[in-house]
file input-v6.pdb (PDB, C-alpha atoms)
ATOM      1  CA  MET T 209     104.059 110.353  95.315
ATOM      2  CA  PRO T 210     105.717 109.518  98.654
ATOM      3  CA  LEU T 211     105.606 111.883 101.600
ATOM      4  CA  PRO T 212     107.657 114.942 100.613
ATOM      5  CA  LEU T 213     110.395 115.948 103.024
ATOM      6  CA  GLN T 214     110.996 119.244 101.259
ATOM      7  CA  LEU T 215     108.326 121.703 100.253
ATOM      8  CA  GLU T 216     108.435 125.073  98.597
ATOM      9  CA  ILE T 217     106.167 127.519 100.366
ATOM     10  CA  GLY T 218     105.121 131.081  99.680
ATOM     11  CA  THR T 219     104.366 130.575  95.989
ATOM     12  CA  ARG T 220     100.566 130.312  96.363
ATOM     13  CA  THR T 221      98.000 131.932  98.631
ATOM     14  CA  PRO T 222      95.935 129.843 101.049
ATOM     15  CA  SER T 223      92.854 130.323  98.859
ATOM     16  CA  GLN T 224      94.774 129.099  95.794
ATOM     17  CA  LEU T 225      95.881 126.010  97.720
ATOM     18  CA  VAL T 226      92.321 125.251  98.864
ATOM     19  CA  LYS T 227      91.067 125.622  95.282
ATOM     20  CA  GLU T 228      93.757 123.170  94.073
ATOM     21  CA  MET T 229      92.775 120.694  96.797
ATOM     22  CA  GLU T 230      89.131 120.882  95.793
ATOM     23  CA  GLU T 231      90.038 120.459  92.099
ATOM     24  CA  LYS T 232      91.891 117.246  93.038
ATOM     25  CA  GLY T 233      88.890 115.966  94.991
ATOM     26  CA  MET T 234      90.516 116.537  98.372
ATOM     27  CA  LYS T 235      88.333 117.702 101.230
ATOM     28  CA  VAL T 236      88.830 120.507 103.748
ATOM     29  CA  SER T 237      86.949 120.333 107.045
ATOM     30  CA  ASP T 238      84.961 123.333 108.249
ATOM     31  CA  TYR T 239      87.308 123.632 111.238
ATOM     32  CA  ALA T 240      90.355 123.722 108.923
ATOM     33  CA  LYS T 241      88.626 126.351 106.750
ATOM     34  CA  GLU T 242      88.249 128.564 109.822
ATOM     35  CA  MET T 243      91.931 128.069 110.629
ATOM     36  CA  ILE T 244      92.966 128.860 107.037
ATOM     37  CA  LYS T 245      91.310 132.281 107.274
ATOM     38  CA  LYS T 246      93.881 133.216 109.920
ATOM     39  CA  ILE T 247      97.015 132.185 108.007
ATOM     40  CA  LYS T 248      99.440 134.911 107.026
ATOM     41  CA  GLU T 249     101.278 134.219 103.797
ATOM     42  CA  PRO T 250     104.892 133.165 104.288
ATOM     43  CA  LYS T 251     107.899 134.340 102.358
ATOM     44  CA  LYS T 252     108.952 132.151  99.447
ATOM     45  CA  GLU T 253     111.402 129.456 100.543
ATOM     46  CA  THR T 254     112.110 125.747 100.494
ATOM     47  CA  VAL T 255     111.681 124.046 103.855
ATOM     48  CA  GLU T 256     113.033 120.697 105.021
ATOM     49  CA  LEU T 257     110.580 118.591 106.997
ATOM     50  CA  ALA T 258     110.786 115.573 109.264
ATOM     51  CA  VAL T 259     108.057 113.220 110.442
ATOM     52  CA  VAL T 260     108.498 112.411 114.101
ATOM     53  CA  LYS T 261     106.403 110.215 116.339
ATOM     54  CA  VAL T 262     105.952 111.287 119.939
ATOM     55  CA  ARG T 263     107.925 108.223 121.103
ATOM     56  CA  ASP T 264     110.801 109.202 118.758
ATOM     57  CA  LEU T 265     111.336 112.258 120.941
ATOM     58  CA  GLY T 266     112.218 110.015 123.874
ATOM     59  CA  PHE T 267     108.844 109.943 125.599
ATOM     60  CA  THR T 268     107.519 106.739 127.161
ATOM     61  CA  GLU T 269     104.053 108.032 128.049
ATOM     62  CA  MET T 270     101.543 110.514 126.693
ATOM     63  CA  GLN T 271     102.749 114.115 126.706
ATOM     64  CA  THR T 272     101.159 117.543 126.591
ATOM     65  CA  THR T 273     101.382 119.769 123.556
ATOM     66  CA  THR T 274     103.688 122.128 125.457
ATOM     67  CA  GLU T 275     106.082 119.330 126.489
ATOM     68  CA  LEU T 276     106.024 117.815 123.018
ATOM     69  CA  PHE T 277     106.847 121.077 121.229
ATOM     70  CA  GLU T 278     109.598 121.914 123.749
ATOM     71  CA  ARG T 279     111.262 118.511 123.245
ATOM     72  CA  ALA T 280     111.018 118.830 119.471
ATOM     73  CA  LYS T 281     112.847 122.151 119.698
ATOM     74  CA  GLU T 282     115.556 120.551 121.880
ATOM     75  CA  ARG T 283     116.016 117.851 119.225
ATOM     76  CA  GLY T 284     116.628 120.275 116.358
ATOM     77  CA  TYR T 285     113.150 120.915 115.029
ATOM     78  CA  GLU T 286     111.118 124.078 114.620
ATOM     79  CA  LEU T 287     107.397 124.609 114.443
ATOM     80  CA  CYS T 288     106.098 124.755 110.887
ATOM     81  CA  HIS T 289     104.412 127.712 109.269
ATOM     82  CA  PRO T 290     100.699 126.746 109.089
ATOM     83  CA  ILE T 291     100.781 126.846 105.263
ATOM     84  CA  ILE T 292     102.755 123.562 105.481
ATOM     85  CA  GLY T 293      99.487 121.799 106.286
ATOM     86  CA  LEU T 294      97.929 122.925 103.010
ATOM     87  CA  GLU T 295     101.051 122.288 100.937
ATOM     88  CA  LEU T 296     101.527 118.860 102.499
ATOM     89  CA  ARG T 297      97.899 117.867 101.844
ATOM     90  CA  LEU T 298      98.314 118.754  98.175
ATOM     91  CA  ALA T 299     101.660 117.002  97.785
ATOM     92  CA  TYR T 300     100.904 113.762  99.666
ATOM     93  CA  GLU T 301      98.397 112.293  97.221
ATOM     94  CA  ASP T 302      99.083 108.608  97.871
ATOM     95  CA  GLN T 303      98.896 108.802 101.649
ATOM     96  CA  PRO T 304      98.186 105.330 103.073
ATOM     97  CA  MET T 305      95.047 104.740 105.125
ATOM     98  CA  ASN T 306      95.480 105.357 108.856
ATOM     99  CA  ASP T 307      98.673 107.367 108.255
ATOM    100  CA  TRP T 308      97.458 110.536 109.954
ATOM    101  CA  LEU T 309      99.938 113.373 110.177
ATOM    102  CA  TYR T 310      99.665 116.397 112.427
ATOM    103  CA  VAL T 311     101.490 119.612 111.624
ATOM    104  CA  GLY T 312     103.743 120.728 114.457
ATOM    105  CA  MET T 313     102.769 124.401 114.407
ATOM    106  CA  LYS T 314     101.625 127.161 116.701
ATOM    107  CA  PRO T 315      97.959 126.319 117.308
ATOM    108  CA  ILE T 316      95.430 128.635 115.684
ATOM    109  CA  SER T 317      92.363 129.638 117.707
ATOM    110  CA  VAL T 318      89.067 129.745 115.850
ATOM    111  CA  SER T 319      85.418 130.313 116.742
ATOM    112  CA  GLY T 320      84.790 129.311 120.296
ATOM    113  CA  GLY T 321      88.471 129.876 121.093
ATOM    114  CA  SER T 322      89.539 126.263 120.532
ATOM    115  CA  PRO T 323      93.170 126.209 119.366
ATOM    116  CA  GLY T 324      94.090 123.697 116.701
ATOM    117  CA  VAL T 325      96.787 122.380 114.384
ATOM    118  CA  PHE T 326      96.272 121.031 110.883
ATOM    119  CA  SER T 327      96.046 117.309 110.285
ATOM    120  CA  VAL T 328      96.581 115.603 106.944
ATOM    121  CA  ASP T 329      94.193 112.667 106.979
ATOM    122  CA  PRO T 330      93.302 109.771 104.711
ATOM    123  CA  ASP T 331      90.060 107.930 105.319
ATOM    124  CA  GLY T 332      87.451 105.960 103.424
ATOM    125  CA  ASP T 333      85.914 109.240 102.291
ATOM    126  CA  GLY T 334      89.114 110.532 100.670
ATOM    127  CA  LEU T 335      92.034 112.777 101.502
ATOM    128  CA  TRP T 336      91.356 115.503 104.051
ATOM    129  CA  LEU T 337      92.901 118.599 105.513
ATOM    130  CA  SER T 338      91.400 118.769 108.980
ATOM    131  CA  GLY T 339      92.104 120.406 112.286
ATOM    132  CA  ARG T 340      92.855 118.841 115.662
ATOM    133  CA  TRP T 341      92.001 120.653 118.854
ATOM    134  CA  THR T 342      95.303 121.268 120.570
ATOM    135  CA  TRP T 343      95.323 122.811 124.013
ATOM    136  CA  PRO T 344      98.695 123.430 125.710
ATOM    137  CA  GLY T 345      97.845 120.724 128.249
ATOM    138  CA  GLY T 346      96.252 118.384 125.698
ATOM    139  CA  GLN T 347      97.689 114.865 125.638
ATOM    140  CA  TRP T 348      99.370 113.195 122.634
ATOM    141  CA  ASN T 349      99.632 109.434 122.130
ATOM    142  CA  LEU T 350     103.107 107.951 121.679
ATOM    143  CA  GLY T 351     102.228 106.813 118.155
ATOM    144  CA  SER T 352     101.016 110.226 116.970
ATOM    145  CA  ALA T 353     103.083 111.405 113.998
ATOM    146  CA  LEU T 354     103.889 115.082 113.639
ATOM    147  CA  VAL T 355     105.592 117.002 110.872
ATOM    148  CA  PHE T 356     108.187 119.508 112.035
ATOM    149  CA  ARG T 357     110.541 121.761 110.184
ATOM    150  CA  VAL T 358     114.211 120.840 110.465
ATOM    151  CA  ARG T 359     116.037 123.763 112.025
ATOM    152  CA  LYS T 360     117.581 125.852 109.240
ATOM    153  CA  SER T 361     120.754 126.597 111.150
ATOM    154  CA  ASP T 362     121.680 122.946 111.666
ATOM    155  CA  SER T 363     124.339 121.987 109.163
ATOM    156  CA  LEU T 364     123.895 118.445 110.462
ATOM    157  CA  PRO T 365     120.248 117.736 111.219
ATOM    158  CA  LEU T 366     120.862 116.802 114.854
ATOM    159  CA  GLY T 367     117.183 116.356 115.486
ATOM    160  CA  ARG T 368     116.997 113.551 112.974
ATOM    161  CA  LEU T 369     120.246 112.091 114.305
ATOM    162  CA  ASP T 370     118.788 112.128 117.832
ATOM    163  CA  SER T 371     115.659 110.484 116.477
ATOM    164  CA  LEU T 372     117.733 107.708 114.864
ATOM    165  CA  ILE T 373     119.697 107.218 118.075
ATOM    166  CA  GLN T 374     116.452 106.982 120.033
ATOM    167  CA  LYS T 375     115.044 104.440 117.570
ATOM    168  CA  SER T 376     118.241 102.399 117.867
ATOM    169  CA  GLU T 377     117.995 102.462 121.669
ATOM    170  CA  ASP T 378     114.320 101.449 121.491
ATOM    171  CA  MET T 379     115.149  98.559 119.154
ATOM    172  CA  THR T 380     117.957  97.425 121.444
ATOM    173  CA  ARG T 381     115.543  97.376 124.414
ATOM    174  CA  GLU T 382     112.985  95.431 122.385
ATOM    175  CA  LEU T 383     115.637  92.905 121.311
ATOM    176  CA  LYS T 384     116.706  92.438 124.952
ATOM    177  CA  ASP T 385     113.070  91.876 125.917
ATOM    178  CA  ILE T 386     112.677  89.253 123.178
ATOM    179  CA  ARG T 387     115.914  87.509 124.202
ATOM    180  CA  SER T 388     114.808  87.522 127.825
ATOM    181  CA  HIS T 389     111.347  86.213 126.963
ATOM    182  CA  PHE T 390     112.758  83.292 124.986
ATOM    183  CA  ASN T 391     115.776  82.781 127.264
ATOM    184  CA  LEU T 392     118.190  83.444 124.420
ATOM    185  CA  SER T 393     121.815  84.249 125.171
ATOM    186  CA  ILE T 394     122.716  85.363 121.632
TER     187      ILE T 394
END

call {"tool": "encode", "arguments": {"input": "input-v6.pdb", "output": "structure tokens"}}
result
Amino acid sequence: MPLPLQLEIGTRTPSQLVKEMEEKGMKVSDYAKEMIKKIKEPKKETVELAVVKVRDLGFTEMQTTTELFERAKERGYELCHPIIGLELRLAYEDQPMNDWLYVGMKPISVSGGSPGVFSVDPDGDGLWLSGRWTWPGGQWNLGSALVFRVRKSDSLPLGRLDSLIQKSEDMTRELKDIRSHFNLSI
């Protein structure tokens, strides 16, 4: 199954979702288990999601969590309910290796006070739901991929449109660099 861009949430409890993951052979890190204990169940609804890389938000260098989440909001995205991490792990069964996804969500503090967001990870040991320490000033690489909720009130998903425009601008710059490198006037 490809990465789902719509998920229905609020139909199962966090403990039911963890049990389903375990039944499918998926793994949940101890850190993620601590985070799960703090999730409040959401209302039942279907949410639209978008996968956005840090560079797709117009950044050209590493950014802090605070800056990243603020820019995502400006581009038409909202932070996800934490349950998205669990639902996404269950739904994304054929996740390619090295295709790590972080859930753009309000970080959850666990033992020791370290705030974190969920990550949906594939590795040689299987499919994981993990947690990533995420301090407000923590830095994110340009290639990091995050899942955000598309703002419900947008009749036209402007955030995704902005992302496409940014990708087009990036591709245009890359093409100019290639032309310049090879002295092409095409």

call {"tool": "axis_aligned_box", "arguments": {"input": "input-v6.pdb", "around": "stretch 248-266 of chain T", "padding_each_side": "3 Å", "output": "AutoDock Vina command-line options"}}
result
--center_x 106.2 --center_y 121.6 --center_z 111.7 --size_x 19.6 --size_y 32.7 --size_z 30.4

call {"tool": "atom_distance", "arguments": {"input": "input-v6.pdb", "atom1": "atom CA of T:Gln271", "atom2": "atom CA of T:Val328"}}
result
20.8 Å

call {"tool": "resolve_selection", "arguments": {"input": "input-v6.pdb", "expression": "the PyMOL selection byres ((chain T and resi 308-320) around 10)", "output": "VMD selection string"}}
result
chain T and resid 239 to 247 259 to 261 273 276 to 277 280 285 to 294 296 to 297 303 to 307 321 to 331 336 to 344 352 to 357

call {"tool": "closest_residue", "arguments": {"input": "input-v6.pdb", "among": "T:Pro222, T:Ser376, T:Ser388, T:Glu275", "to": "T:Glu295", "atoms": "all atoms listed in the file"}}
result
T:Pro222

call {"tool": "atom_distance", "arguments": {"input": "input-v6.pdb", "atom1": "atom CA of T:Thr274", "atom2": "atom CA of T:Gly345"}}
result
6.6 Å

call {"tool": "closest_residue", "arguments": {"input": "input-v6.pdb", "among": "T:Asp333, T:Asp264, T:Glu269, T:Glu278", "to": "T:Met379", "atoms": "all atoms listed in the file"}}
result
T:Asp264

call {"tool": "closest_residue", "arguments": {"input": "input-v6.pdb", "among": "T:Lys232, T:Arg279, T:Arg359, T:Arg381", "to": "T:Ala258", "atoms": "all atoms listed in the file"}}
result
T:Arg359

call {"tool": "resolve_selection", "arguments": {"input": "input-v6.pdb", "expression": "the PyMOL selection byres ((chain T and resi 233) around 12)", "output": "short mmCIF file (atom, residue, chain, number, x, y, z; two decimals) with C-alpha atoms, in the frame of the given file"}}
result
data_model
loop_
_atom_site.label_atom_id
_atom_site.label_comp_id
_atom_site.auth_asym_id
_atom_site.auth_seq_id
_atom_site.Cartn_x
_atom_site.Cartn_y
_atom_site.Cartn_z
CA VAL T 226 92.32 125.25 98.86
CA LYS T 227 91.07 125.62 95.28
CA GLU T 228 93.76 123.17 94.07
CA MET T 229 92.78 120.69 96.80
CA GLU T 230 89.13 120.88 95.79
CA GLU T 231 90.04 120.46 92.10
CA LYS T 232 91.89 117.25 93.04
CA MET T 234 90.52 116.54 98.37
CA LYS T 235 88.33 117.70 101.23
CA VAL T 236 88.83 120.51 103.75
CA ARG T 297 97.90 117.87 101.84
CA LEU T 298 98.31 118.75 98.18
CA GLU T 301 98.40 112.29 97.22
CA ASP T 333 85.91 109.24 102.29
CA GLY T 334 89.11 110.53 100.67
CA LEU T 335 92.03 112.78 101.50
CA TRP T 336 91.36 115.50 104.05
CA LEU T 337 92.90 118.60 105.51
#

call {"tool": "atom_distance", "arguments": {"input": "input-v6.pdb", "atom1": "atom CA of T:Gln347", "atom2": "atom CA of T:Gly284"}}
result
21.8 Å

call {"tool": "closest_residue", "arguments": {"input": "input-v6.pdb", "among": "T:Leu257, T:Leu265, T:Val358, T:Met270", "to": "T:Leu215", "atoms": "all atoms listed in the file"}}
result
T:Leu257

call {"tool": "residues_near_point", "arguments": {"input": "input-v6.pdb", "point": "(113.0, 133.0, 100.4)", "cutoff": "12 Å", "atoms": "only C-alpha atoms", "output": "NGL selection string"}}
result
:T and (216-219 or 250-255)

call {"tool": "closest_residue", "arguments": {"input": "input-v6.pdb", "among": "T:Glu249, T:Leu350, T:Thr268, T:Ala299", "to": "T:Ser223", "atoms": "only C-alpha atoms"}}
result
T:Glu249

call {"tool": "closest_residue", "arguments": {"input": "input-v6.pdb", "among": "T:Tyr300, T:Arg263, T:Lys281, T:Gly332", "to": "T:Glu377", "atoms": "all atoms listed in the file"}}
result
T:Arg263
